[in-house]
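Shown next: data_8.pdb, containing PDB, N, CA and C atoms.
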MODEL        1
ATOM      1  N   MET G   1    -151.774  51.163 -52.725  1.00  0.00           N
ATOM      2  CA  MET G   1    -152.675  50.150 -53.217  1.00  0.00           C
ATOM      3  C   MET G   1    -152.237  48.766 -52.732  1.00  0.00           C
ATOM      4  N   VAL G   2    -150.960  48.531 -52.645  1.00  0.00           N
ATOM      5  CA  VAL G   2    -150.474  47.205 -52.279  1.00  0.00           C
ATOM      6  C   VAL G   2    -150.692  46.914 -50.797  1.00  0.00           C
ATOM      7  N   ALA G   3    -150.470  47.898 -49.938  1.00  0.00           N
ATOM      8  CA  ALA G   3    -150.571  47.681 -48.496  1.00  0.00           C
ATOM      9  C   ALA G   3    -151.952  48.022 -47.946  1.00  0.00           C
ATOM     10  N   ALA G   4    -152.915  48.290 -48.806  1.00  0.00           N
ATOM     11  CA  ALA G   4    -154.238  48.718 -48.350  1.00  0.00           C
ATOM     12  C   ALA G   4    -155.044  47.537 -47.802  1.00  0.00           C
ATOM     13  N   THR G   5    -155.953  47.856 -46.902  1.00  0.00           N
ATOM     14  CA  THR G   5    -156.884  46.847 -46.384  1.00  0.00           C
ATOM     15  C   THR G   5    -158.329  47.239 -46.651  1.00  0.00           C
ATOM     16  N   SER G   6    -158.513  48.359 -47.349  1.00  0.00           N
ATOM     17  CA  SER G   6    -159.856  48.785 -47.749  1.00  0.00           C
ATOM     18  C   SER G   6    -159.719  49.736 -48.922  1.00  0.00           C
ATOM     19  N   GLY G   7    -160.819  49.989 -49.591  1.00  0.00           N
ATOM     20  CA  GLY G   7    -160.823  50.933 -50.699  1.00  0.00           C
ATOM     21  C   GLY G   7    -160.835  50.249 -52.058  1.00  0.00           C
ATOM     22  N   ILE G   8    -160.781  51.073 -53.092  1.00  0.00           N
ATOM     23  CA  ILE G   8    -160.860  50.581 -54.463  1.00  0.00           C
ATOM     24  C   ILE G   8    -159.638  49.731 -54.819  1.00  0.00           C
ATOM     25  N   GLY G   9    -158.455  50.190 -54.429  1.00  0.00           N
ATOM     26  CA  GLY G   9    -157.244  49.432 -54.724  1.00  0.00           C
ATOM     27  C   GLY G   9    -157.258  48.060 -54.085  1.00  0.00           C
ATOM     28  N   TRP G  10    -157.688  48.011 -52.841  1.00  0.00           N
ATOM     29  CA  TRP G  10    -157.796  46.719 -52.158  1.00  0.00           C
ATOM     30  C   TRP G  10    -158.815  45.824 -52.854  1.00  0.00           C
ATOM     31  N   MET G  11    -159.922  46.416 -53.276  1.00  0.00           N
ATOM     32  CA  MET G  11    -160.957  45.644 -53.966  1.00  0.00           C
ATOM     33  C   MET G  11    -160.400  45.008 -55.234  1.00  0.00           C
ATOM     34  N   VAL G  12    -159.616  45.770 -56.005  1.00  0.00           N
ATOM     35  CA  VAL G  12    -159.040  45.254 -57.243  1.00  0.00           C
ATOM     36  C   VAL G  12    -158.040  44.137 -56.945  1.00  0.00           C
ATOM     37  N   LEU G  13    -157.155  44.358 -55.976  1.00  0.00           N
ATOM     38  CA  LEU G  13    -156.174  43.329 -55.640  1.00  0.00           C
ATOM     39  C   LEU G  13    -156.832  42.075 -55.081  1.00  0.00           C
ATOM     40  N   ASP G  14    -157.846  42.252 -54.253  1.00  0.00           N
ATOM     41  CA  ASP G  14    -158.562  41.097 -53.704  1.00  0.00           C
ATOM     42  C   ASP G  14    -159.290  40.335 -54.806  1.00  0.00           C
ATOM     43  N   ALA G  15    -159.889  41.054 -55.737  1.00  0.00           N
ATOM     44  CA  ALA G  15    -160.599  40.412 -56.842  1.00  0.00           C
ATOM     45  C   ALA G  15    -159.638  39.645 -57.748  1.00  0.00           C
ATOM     46  N   SER G  16    -158.408  40.139 -57.867  1.00  0.00           N
ATOM     47  CA  SER G  16    -157.436  39.447 -58.720  1.00  0.00           C
ATOM     48  C   SER G  16    -157.055  38.087 -58.132  1.00  0.00           C
ATOM     49  N   LYS G  17    -157.124  37.945 -56.821  1.00  0.00           N
ATOM     50  CA  LYS G  17    -156.820  36.652 -56.196  1.00  0.00           C
ATOM     51  C   LYS G  17    -157.858  35.594 -56.546  1.00  0.00           C
ATOM     52  N   PHE G  18    -159.090  36.041 -56.777  1.00  0.00           N
ATOM     53  CA  PHE G  18    -160.183  35.106 -57.044  1.00  0.00           C
ATOM     54  C   PHE G  18    -160.644  35.134 -58.495  1.00  0.00           C
ATOM     55  N   LEU G  19    -159.825  35.742 -59.370  1.00  0.00           N
ATOM     56  CA  LEU G  19    -160.105  35.821 -60.810  1.00  0.00           C
ATOM     57  C   LEU G  19    -161.468  36.443 -61.107  1.00  0.00           C
ATOM     58  N   ARG G  20    -161.805  37.507 -60.385  1.00  0.00           N
ATOM     59  CA  ARG G  20    -163.066  38.231 -60.598  1.00  0.00           C
ATOM     60  C   ARG G  20    -162.812  39.376 -61.571  1.00  0.00           C
ATOM     61  N   SER G  21    -162.779  39.047 -62.853  1.00  0.00           N
ATOM     62  CA  SER G  21    -162.447  40.034 -63.883  1.00  0.00           C
ATOM     63  C   SER G  21    -163.415  41.206 -63.894  1.00  0.00           C
ATOM     64  N   ASP G  22    -164.691  40.945 -63.643  1.00  0.00           N
ATOM     65  CA  ASP G  22    -165.674  42.022 -63.665  1.00  0.00           C
ATOM     66  C   ASP G  22    -165.382  43.064 -62.601  1.00  0.00           C
ATOM     67  N   VAL G  23    -165.037  42.626 -61.402  1.00  0.00           N
ATOM     68  CA  VAL G  23    -164.721  43.553 -60.311  1.00  0.00           C
ATOM     69  C   VAL G  23    -163.429  44.302 -60.621  1.00  0.00           C
ATOM     70  N   ILE G  24    -162.465  43.603 -61.198  1.00  0.00           N
ATOM     71  CA  ILE G  24    -161.197  44.238 -61.561  1.00  0.00           C
ATOM     72  C   ILE G  24    -161.434  45.365 -62.565  1.00  0.00           C
ATOM     73  N   PHE G  25    -162.203  45.097 -63.607  1.00  0.00           N
ATOM     74  CA  PHE G  25    -162.456  46.116 -64.631  1.00  0.00           C
ATOM     75  C   PHE G  25    -163.237  47.296 -64.069  1.00  0.00           C
ATOM     76  N   VAL G  26    -164.204  47.032 -63.215  1.00  0.00           N
ATOM     77  CA  VAL G  26    -164.963  48.132 -62.608  1.00  0.00           C
ATOM     78  C   VAL G  26    -164.054  48.974 -61.722  1.00  0.00           C
ATOM     79  N   GLY G  27    -163.204  48.336 -60.933  1.00  0.00           N
ATOM     80  CA  GLY G  27    -162.283  49.069 -60.061  1.00  0.00           C
ATOM     81  C   GLY G  27    -161.304  49.919 -60.845  1.00  0.00           C
ATOM     82  N   ILE G  28    -160.747  49.357 -61.910  1.00  0.00           N
ATOM     83  CA  ILE G  28    -159.808  50.110 -62.736  1.00  0.00           C
ATOM     84  C   ILE G  28    -160.511  51.279 -63.414  1.00  0.00           C
ATOM     85  N   THR G  29    -161.743  51.059 -63.868  1.00  0.00           N
ATOM     86  CA  THR G  29    -162.519  52.133 -64.492  1.00  0.00           C
ATOM     87  C   THR G  29    -162.791  53.254 -63.494  1.00  0.00           C
ATOM     88  N   ILE G  30    -163.159  52.887 -62.278  1.00  0.00           N
ATOM     89  CA  ILE G  30    -163.410  53.898 -61.240  1.00  0.00           C
ATOM     90  C   ILE G  30    -162.141  54.693 -60.951  1.00  0.00           C
ATOM     91  N   MET G  31    -161.007  54.000 -60.828  1.00  0.00           N
ATOM     92  CA  MET G  31    -159.744  54.707 -60.580  1.00  0.00           C
ATOM     93  C   MET G  31    -159.409  55.653 -61.729  1.00  0.00           C
ATOM     94  N   GLY G  32    -159.655  55.228 -62.945  1.00  0.00           N
ATOM     95  CA  GLY G  32    -159.397  56.085 -64.098  1.00  0.00           C
ATOM     96  C   GLY G  32    -160.287  57.315 -64.110  1.00  0.00           C
ATOM     97  N   LEU G  33    -161.572  57.138 -63.815  1.00  0.00           N
ATOM     98  CA  LEU G  33    -162.504  58.267 -63.792  1.00  0.00           C
ATOM     99  C   LEU G  33    -162.156  59.254 -62.683  1.00  0.00           C
ATOM    100  N   VAL G  34    -161.760  58.738 -61.533  1.00  0.00           N
ATOM    101  CA  VAL G  34    -161.346  59.615 -60.432  1.00  0.00           C
ATOM    102  C   VAL G  34    -160.099  60.394 -60.836  1.00  0.00           C
ATOM    103  N   ALA G  35    -159.156  59.740 -61.495  1.00  0.00           N
ATOM    104  CA  ALA G  35    -157.936  60.422 -61.942  1.00  0.00           C
ATOM    105  C   ALA G  35    -158.250  61.519 -62.952  1.00  0.00           C
ATOM    106  N   ILE G  36    -159.165  61.254 -63.876  1.00  0.00           N
ATOM    107  CA  ILE G  36    -159.554  62.268 -64.863  1.00  0.00           C
ATOM    108  C   ILE G  36    -160.224  63.446 -64.163  1.00  0.00           C
ATOM    109  N   ALA G  37    -161.084  63.162 -63.183  1.00  0.00           N
ATOM    110  CA  ALA G  37    -161.764  64.234 -62.453  1.00  0.00           C
ATOM    111  C   ALA G  37    -160.768  65.081 -61.663  1.00  0.00           C
ATOM    112  N   ILE G  38    -159.817  64.445 -60.988  1.00  0.00           N
ATOM    113  CA  ILE G  38    -158.809  65.187 -60.230  1.00  0.00           C
ATOM    114  C   ILE G  38    -157.972  66.043 -61.169  1.00  0.00           C
ATOM    115  N   ASP G  39    -157.594  65.502 -62.316  1.00  0.00           N
ATOM    116  CA  ASP G  39    -156.815  66.266 -63.288  1.00  0.00           C
ATOM    117  C   ASP G  39    -157.593  67.481 -63.772  1.00  0.00           C
ATOM    118  N   ALA G  40    -158.885  67.313 -64.047  1.00  0.00           N
ATOM    119  CA  ALA G  40    -159.710  68.426 -64.510  1.00  0.00           C
ATOM    120  C   ALA G  40    -159.815  69.514 -63.443  1.00  0.00           C
ATOM    121  N   VAL G  41    -159.963  69.114 -62.195  1.00  0.00           N
ATOM    122  CA  VAL G  41    -160.059  70.087 -61.102  1.00  0.00           C
ATOM    123  C   VAL G  41    -158.741  70.852 -60.949  1.00  0.00           C
ATOM    124  N   ILE G  42    -157.636  70.142 -60.999  1.00  0.00           N
ATOM    125  CA  ILE G  42    -156.337  70.805 -60.864  1.00  0.00           C
ATOM    126  C   ILE G  42    -156.102  71.765 -62.027  1.00  0.00           C
ATOM    127  N   ARG G  43    -156.457  71.352 -63.245  1.00  0.00           N
ATOM    128  CA  ARG G  43    -156.305  72.243 -64.393  1.00  0.00           C
ATOM    129  C   ARG G  43    -157.183  73.480 -64.253  1.00  0.00           C
ATOM    130  N   TRP G  44    -158.409  73.316 -63.750  1.00  0.00           N
ATOM    131  CA  TRP G  44    -159.315  74.444 -63.563  1.00  0.00           C
ATOM    132  C   TRP G  44    -158.754  75.404 -62.510  1.00  0.00           C
ATOM    133  N   ILE G  45    -158.265  74.857 -61.402  1.00  0.00           N
ATOM    134  CA  ILE G  45    -157.669  75.706 -60.360  1.00  0.00           C
ATOM    135  C   ILE G  45    -156.463  76.456 -60.920  1.00  0.00           C
ATOM    136  N   GLU G  46    -155.635  75.758 -61.669  1.00  0.00           N
ATOM    137  CA  GLU G  46    -154.464  76.400 -62.268  1.00  0.00           C
ATOM    138  C   GLU G  46    -154.877  77.526 -63.213  1.00  0.00           C
ATOM    139  N   LYS G  47    -155.907  77.281 -64.002  1.00  0.00           N
ATOM    140  CA  LYS G  47    -156.369  78.274 -64.976  1.00  0.00           C
ATOM    141  C   LYS G  47    -156.961  79.503 -64.296  1.00  0.00           C
ATOM    142  N   THR G  48    -157.687  79.305 -63.205  1.00  0.00           N
ATOM    143  CA  THR G  48    -158.381  80.421 -62.565  1.00  0.00           C
ATOM    144  C   THR G  48    -157.568  81.108 -61.478  1.00  0.00           C
ATOM    145  N   GLN G  49    -156.647  80.399 -60.835  1.00  0.00           N
ATOM    146  CA  GLN G  49    -155.951  80.955 -59.681  1.00  0.00           C
ATOM    147  C   GLN G  49    -154.486  81.301 -59.931  1.00  0.00           C
ATOM    148  N   LEU G  50    -153.935  80.897 -61.054  1.00  0.00           N
ATOM    149  CA  LEU G  50    -152.519  81.146 -61.324  1.00  0.00           C
ATOM    150  C   LEU G  50    -152.373  81.917 -62.634  1.00  0.00           C
ATOM    151  N   PRO G  51    -152.641  83.210 -62.605  1.00  0.00           N
ATOM    152  CA  PRO G  51    -152.632  83.984 -63.854  1.00  0.00           C
ATOM    153  C   PRO G  51    -151.239  84.155 -64.455  1.00  0.00           C
ATOM    154  N   TRP G  52    -150.184  83.943 -63.677  1.00  0.00           N
ATOM    155  CA  TRP G  52    -148.836  84.144 -64.201  1.00  0.00           C
ATOM    156  C   TRP G  52    -148.351  82.978 -65.069  1.00  0.00           C
ATOM    157  N   ILE G  53    -149.087  81.879 -65.084  1.00  0.00           N
ATOM    158  CA  ILE G  53    -148.707  80.751 -65.940  1.00  0.00           C
ATOM    159  C   ILE G  53    -149.189  81.047 -67.363  1.00  0.00           C
ATOM    160  N   GLY G  54    -148.325  80.813 -68.335  1.00  0.00           N
ATOM    161  CA  GLY G  54    -148.650  81.108 -69.735  1.00  0.00           C
ATOM    162  C   GLY G  54    -149.848  80.341 -70.235  1.00  0.00           C
ATOM    163  N   ARG G  55    -150.568  80.956 -71.139  1.00  0.00           N
ATOM    164  CA  ARG G  55    -151.756  80.348 -71.725  1.00  0.00           C
ATOM    165  C   ARG G  55    -151.412  79.757 -73.083  1.00  0.00           C
ATOM    166  N   ASP G  56    -150.916  78.529 -73.116  1.00  0.00           N
ATOM    167  CA  ASP G  56    -150.555  77.880 -74.371  1.00  0.00           C
ATOM    168  C   ASP G  56    -151.782  77.367 -75.110  1.00  0.00           C
ATOM    169  N   THR G  57    -152.840  77.032 -74.385  1.00  0.00           N
ATOM    170  CA  THR G  57    -154.029  76.466 -75.044  1.00  0.00           C
ATOM    171  C   THR G  57    -155.181  77.405 -74.998  1.00  0.00           C
TER     172      THR G  57
ENDMDL
END
Now, as a test, write the supplied structure out as structure tokens.
Amino acid sequence: MVAATSGIGWMVLDASKFLRSDVIFVGITIMGLVAIAIDAVIRWIEKTQLPWIGRDT
């Protein structure tokens, strides 16, 4: 995110230089939603493809 020249991370860092709070909040929200989606996909793959892992939930 720090060394980026494009993308969501760059957008957030660039917006912080110009005090664009709205862009910062939208960027952080997008990053959070992407992280939740990736976590859900990984959990689904683990649940369906790795039967040897215990089923605690």
Axis-aligned box for all listed atoms of stretch 22-33 of chain G, 5 Å per side, centre and edges in Å to one decimal, as JSON:
{"center_x": -162.5, "center_y": 50.1, "center_z": -62.3, "size_x": 16.3, "size_y": 28.3, "size_z": 14.6}
Take the point (-157.5, 43.6, -59.3) as written in the file and pick out every residue within 8 Å of it, counting all atoms listed in the file; give the list as an mmCIF file with N, CA and C atoms, in the frame of the given file.
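Heads up, here's the output in result07.cif:
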data_model
loop_
_atom_site.group_PDB
_atom_site.id
_atom_site.type_symbol
_atom_site.label_atom_id
_atom_site.label_comp_id
_atom_site.auth_asym_id
_atom_site.auth_seq_id
_atom_site.Cartn_x
_atom_site.Cartn_y
_atom_site.Cartn_z
ATOM 1 N N ILE G 8 -160.781 51.073 -53.092
ATOM 2 C CA ILE G 8 -160.860 50.581 -54.463
ATOM 3 C C ILE G 8 -159.638 49.731 -54.819
ATOM 4 N N GLY G 9 -158.455 50.190 -54.429
ATOM 5 C CA GLY G 9 -157.244 49.432 -54.724
ATOM 6 C C GLY G 9 -157.258 48.060 -54.085
ATOM 7 N N TRP G 10 -157.688 48.011 -52.841
ATOM 8 C CA TRP G 10 -157.796 46.719 -52.158
ATOM 9 C C TRP G 10 -158.815 45.824 -52.854
ATOM 10 N N MET G 11 -159.922 46.416 -53.276
ATOM 11 C CA MET G 11 -160.957 45.644 -53.966
ATOM 12 C C MET G 11 -160.400 45.008 -55.234
ATOM 13 N N VAL G 12 -159.616 45.770 -56.005
ATOM 14 C CA VAL G 12 -159.040 45.254 -57.243
ATOM 15 C C VAL G 12 -158.040 44.137 -56.945
ATOM 16 N N LEU G 13 -157.155 44.358 -55.976
ATOM 17 C CA LEU G 13 -156.174 43.329 -55.640
ATOM 18 C C LEU G 13 -156.832 42.075 -55.081
ATOM 19 N N ASP G 14 -157.846 42.252 -54.253
ATOM 20 C CA ASP G 14 -158.562 41.097 -53.704
ATOM 21 C C ASP G 14 -159.290 40.335 -54.806
ATOM 22 N N ALA G 15 -159.889 41.054 -55.737
ATOM 23 C CA ALA G 15 -160.599 40.412 -56.842
ATOM 24 C C ALA G 15 -159.638 39.645 -57.748
ATOM 25 N N SER G 16 -158.408 40.139 -57.867
ATOM 26 C CA SER G 16 -157.436 39.447 -58.720
ATOM 27 C C SER G 16 -157.055 38.087 -58.132
ATOM 28 N N LYS G 17 -157.124 37.945 -56.821
ATOM 29 C CA LYS G 17 -156.820 36.652 -56.196
ATOM 30 C C LYS G 17 -157.858 35.594 -56.546
ATOM 31 N N ARG G 20 -161.805 37.507 -60.385
ATOM 32 C CA ARG G 20 -163.066 38.231 -60.598
ATOM 33 C C ARG G 20 -162.812 39.376 -61.571
ATOM 34 N N SER G 21 -162.779 39.047 -62.853
ATOM 35 C CA SER G 21 -162.447 40.034 -63.883
ATOM 36 C C SER G 21 -163.415 41.206 -63.894
ATOM 37 N N VAL G 23 -165.037 42.626 -61.402
ATOM 38 C CA VAL G 23 -164.721 43.553 -60.311
ATOM 39 C C VAL G 23 -163.429 44.302 -60.621
ATOM 40 N N ILE G 24 -162.465 43.603 -61.198
ATOM 41 C CA ILE G 24 -161.197 44.238 -61.561
ATOM 42 C C ILE G 24 -161.434 45.365 -62.565
ATOM 43 N N PHE G 25 -162.203 45.097 -63.607
ATOM 44 C CA PHE G 25 -162.456 46.116 -64.631
ATOM 45 C C PHE G 25 -163.237 47.296 -64.069
ATOM 46 N N GLY G 27 -163.204 48.336 -60.933
ATOM 47 C CA GLY G 27 -162.283 49.069 -60.061
ATOM 48 C C GLY G 27 -161.304 49.919 -60.845
ATOM 49 N N ILE G 28 -160.747 49.357 -61.910
ATOM 50 C CA ILE G 28 -159.808 50.110 -62.736
ATOM 51 C C ILE G 28 -160.511 51.279 -63.414
#
One decimal, in Å: what's the spacing between atom C of G:Lys47 and atom N of G:Gly32? 24.5 Å
Quote the spacing between atom N of G:Thr29 and atom CA of G:Gly7 in Å to one decimal place.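 For atom N of G:Thr29 relative to atom CA of G:Gly7, the distance reads 13.2 Å.
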From chain G, collect each residue whose DSSP state is helix (DSSP H, G or I) and return the set as an MDAnalysis selection string. chainID G and resid 8:17 21:49
Have a look at atom CA of G:Asp22 and atom N of G:Asp39 and let me know their distance in Å, one decimal.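 Between atom CA of G:Asp22 and atom N of G:Asp39 the gap works out to 24.9 Å.
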Once all heavy atoms are restored for stretch 35-46 of chain G, what would the output be as a CSV table (one decimal), keeping the file's coordinate frame?
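Listing of selection.csv after writing:
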chain,number,residue,atom,x,y,z
G,35,ALA,N,-159.2,59.7,-61.5
G,35,ALA,CA,-157.9,60.4,-61.9
G,35,ALA,C,-158.2,61.5,-63.0
G,35,ALA,O,-157.7,62.6,-62.9
G,35,ALA,CB,-157.0,59.4,-62.5
G,36,ILE,N,-159.2,61.3,-63.9
G,36,ILE,CA,-159.6,62.3,-64.9
G,36,ILE,C,-160.2,63.4,-64.2
G,36,ILE,O,-160.0,64.6,-64.5
G,36,ILE,CB,-160.5,61.6,-65.9
G,36,ILE,CG1,-159.7,60.7,-66.8
G,36,ILE,CG2,-161.1,62.7,-66.8
G,36,ILE,CD1,-160.5,59.8,-67.7
G,37,ALA,N,-161.1,63.2,-63.2
G,37,ALA,CA,-161.8,64.2,-62.5
G,37,ALA,C,-160.8,65.1,-61.7
G,37,ALA,O,-160.8,66.3,-61.7
G,37,ALA,CB,-162.8,63.6,-61.5
G,38,ILE,N,-159.8,64.4,-61.0
G,38,ILE,CA,-158.8,65.2,-60.2
G,38,ILE,C,-158.0,66.0,-61.2
G,38,ILE,O,-157.7,67.2,-60.9
G,38,ILE,CB,-157.9,64.2,-59.4
G,38,ILE,CG1,-158.7,63.6,-58.3
G,38,ILE,CG2,-156.7,64.9,-58.9
G,38,ILE,CD1,-158.0,62.5,-57.5
G,39,ASP,N,-157.6,65.5,-62.3
G,39,ASP,CA,-156.8,66.3,-63.3
G,39,ASP,C,-157.6,67.5,-63.8
G,39,ASP,O,-157.0,68.6,-63.9
G,39,ASP,CB,-156.4,65.4,-64.5
G,39,ASP,CG,-155.6,66.1,-65.5
G,39,ASP,OD1,-154.5,66.5,-65.1
G,39,ASP,OD2,-156.1,66.3,-66.6
G,40,ALA,N,-158.9,67.3,-64.0
G,40,ALA,CA,-159.7,68.4,-64.5
G,40,ALA,C,-159.8,69.5,-63.4
G,40,ALA,O,-159.7,70.7,-63.8
G,40,ALA,CB,-161.1,67.9,-64.9
G,41,VAL,N,-160.0,69.1,-62.2
G,41,VAL,CA,-160.1,70.1,-61.1
G,41,VAL,C,-158.7,70.9,-60.9
G,41,VAL,O,-158.7,72.1,-60.8
G,41,VAL,CB,-160.5,69.4,-59.8
G,41,VAL,CG1,-160.3,70.3,-58.6
G,41,VAL,CG2,-161.9,68.9,-59.9
G,42,ILE,N,-157.6,70.1,-61.0
G,42,ILE,CA,-156.3,70.8,-60.9
G,42,ILE,C,-156.1,71.8,-62.0
G,42,ILE,O,-155.6,72.9,-61.8
G,42,ILE,CB,-155.2,69.8,-60.7
G,42,ILE,CG1,-155.3,69.1,-59.4
G,42,ILE,CG2,-153.8,70.4,-60.9
G,42,ILE,CD1,-154.4,67.9,-59.2
G,43,ARG,N,-156.5,71.4,-63.2
G,43,ARG,CA,-156.3,72.2,-64.4
G,43,ARG,C,-157.2,73.5,-64.3
G,43,ARG,O,-156.8,74.6,-64.6
G,43,ARG,CB,-156.6,71.5,-65.7
G,43,ARG,CG,-155.6,70.5,-66.1
G,43,ARG,CD,-156.0,69.8,-67.4
G,43,ARG,NE,-155.1,68.7,-67.7
G,43,ARG,CZ,-154.1,68.8,-68.6
G,43,ARG,NH1,-153.9,70.0,-69.2
G,43,ARG,NH2,-153.3,67.8,-68.8
G,44,TRP,N,-158.4,73.3,-63.8
G,44,TRP,CA,-159.3,74.4,-63.6
G,44,TRP,C,-158.8,75.4,-62.5
G,44,TRP,O,-158.8,76.6,-62.7
G,44,TRP,CB,-160.7,73.9,-63.1
G,44,TRP,CG,-161.6,75.1,-62.9
G,44,TRP,CD1,-162.3,75.8,-63.8
G,44,TRP,CD2,-162.0,75.6,-61.6
G,44,TRP,NE1,-163.1,76.8,-63.1
G,44,TRP,CE2,-162.9,76.6,-61.8
G,44,TRP,CE3,-161.7,75.2,-60.3
G,44,TRP,CZ2,-163.4,77.3,-60.7
G,44,TRP,CZ3,-162.2,75.9,-59.2
G,44,TRP,CH2,-163.1,77.0,-59.5
G,45,ILE,N,-158.3,74.9,-61.4
G,45,ILE,CA,-157.7,75.7,-60.4
G,45,ILE,C,-156.5,76.5,-60.9
G,45,ILE,O,-156.3,77.7,-60.7
G,45,ILE,CB,-157.3,74.9,-59.1
G,45,ILE,CG1,-158.5,74.4,-58.4
G,45,ILE,CG2,-156.4,75.7,-58.2
G,45,ILE,CD1,-158.2,73.3,-57.3
G,46,GLU,N,-155.6,75.8,-61.7
G,46,GLU,CA,-154.5,76.4,-62.3
G,46,GLU,C,-154.9,77.5,-63.2
G,46,GLU,O,-154.3,78.6,-63.2
G,46,GLU,CB,-153.6,75.4,-63.0
G,46,GLU,CG,-152.4,75.9,-63.6
G,46,GLU,CD,-151.6,74.8,-64.3
G,46,GLU,OE1,-152.1,74.3,-65.3
G,46,GLU,OE2,-150.5,74.5,-63.9
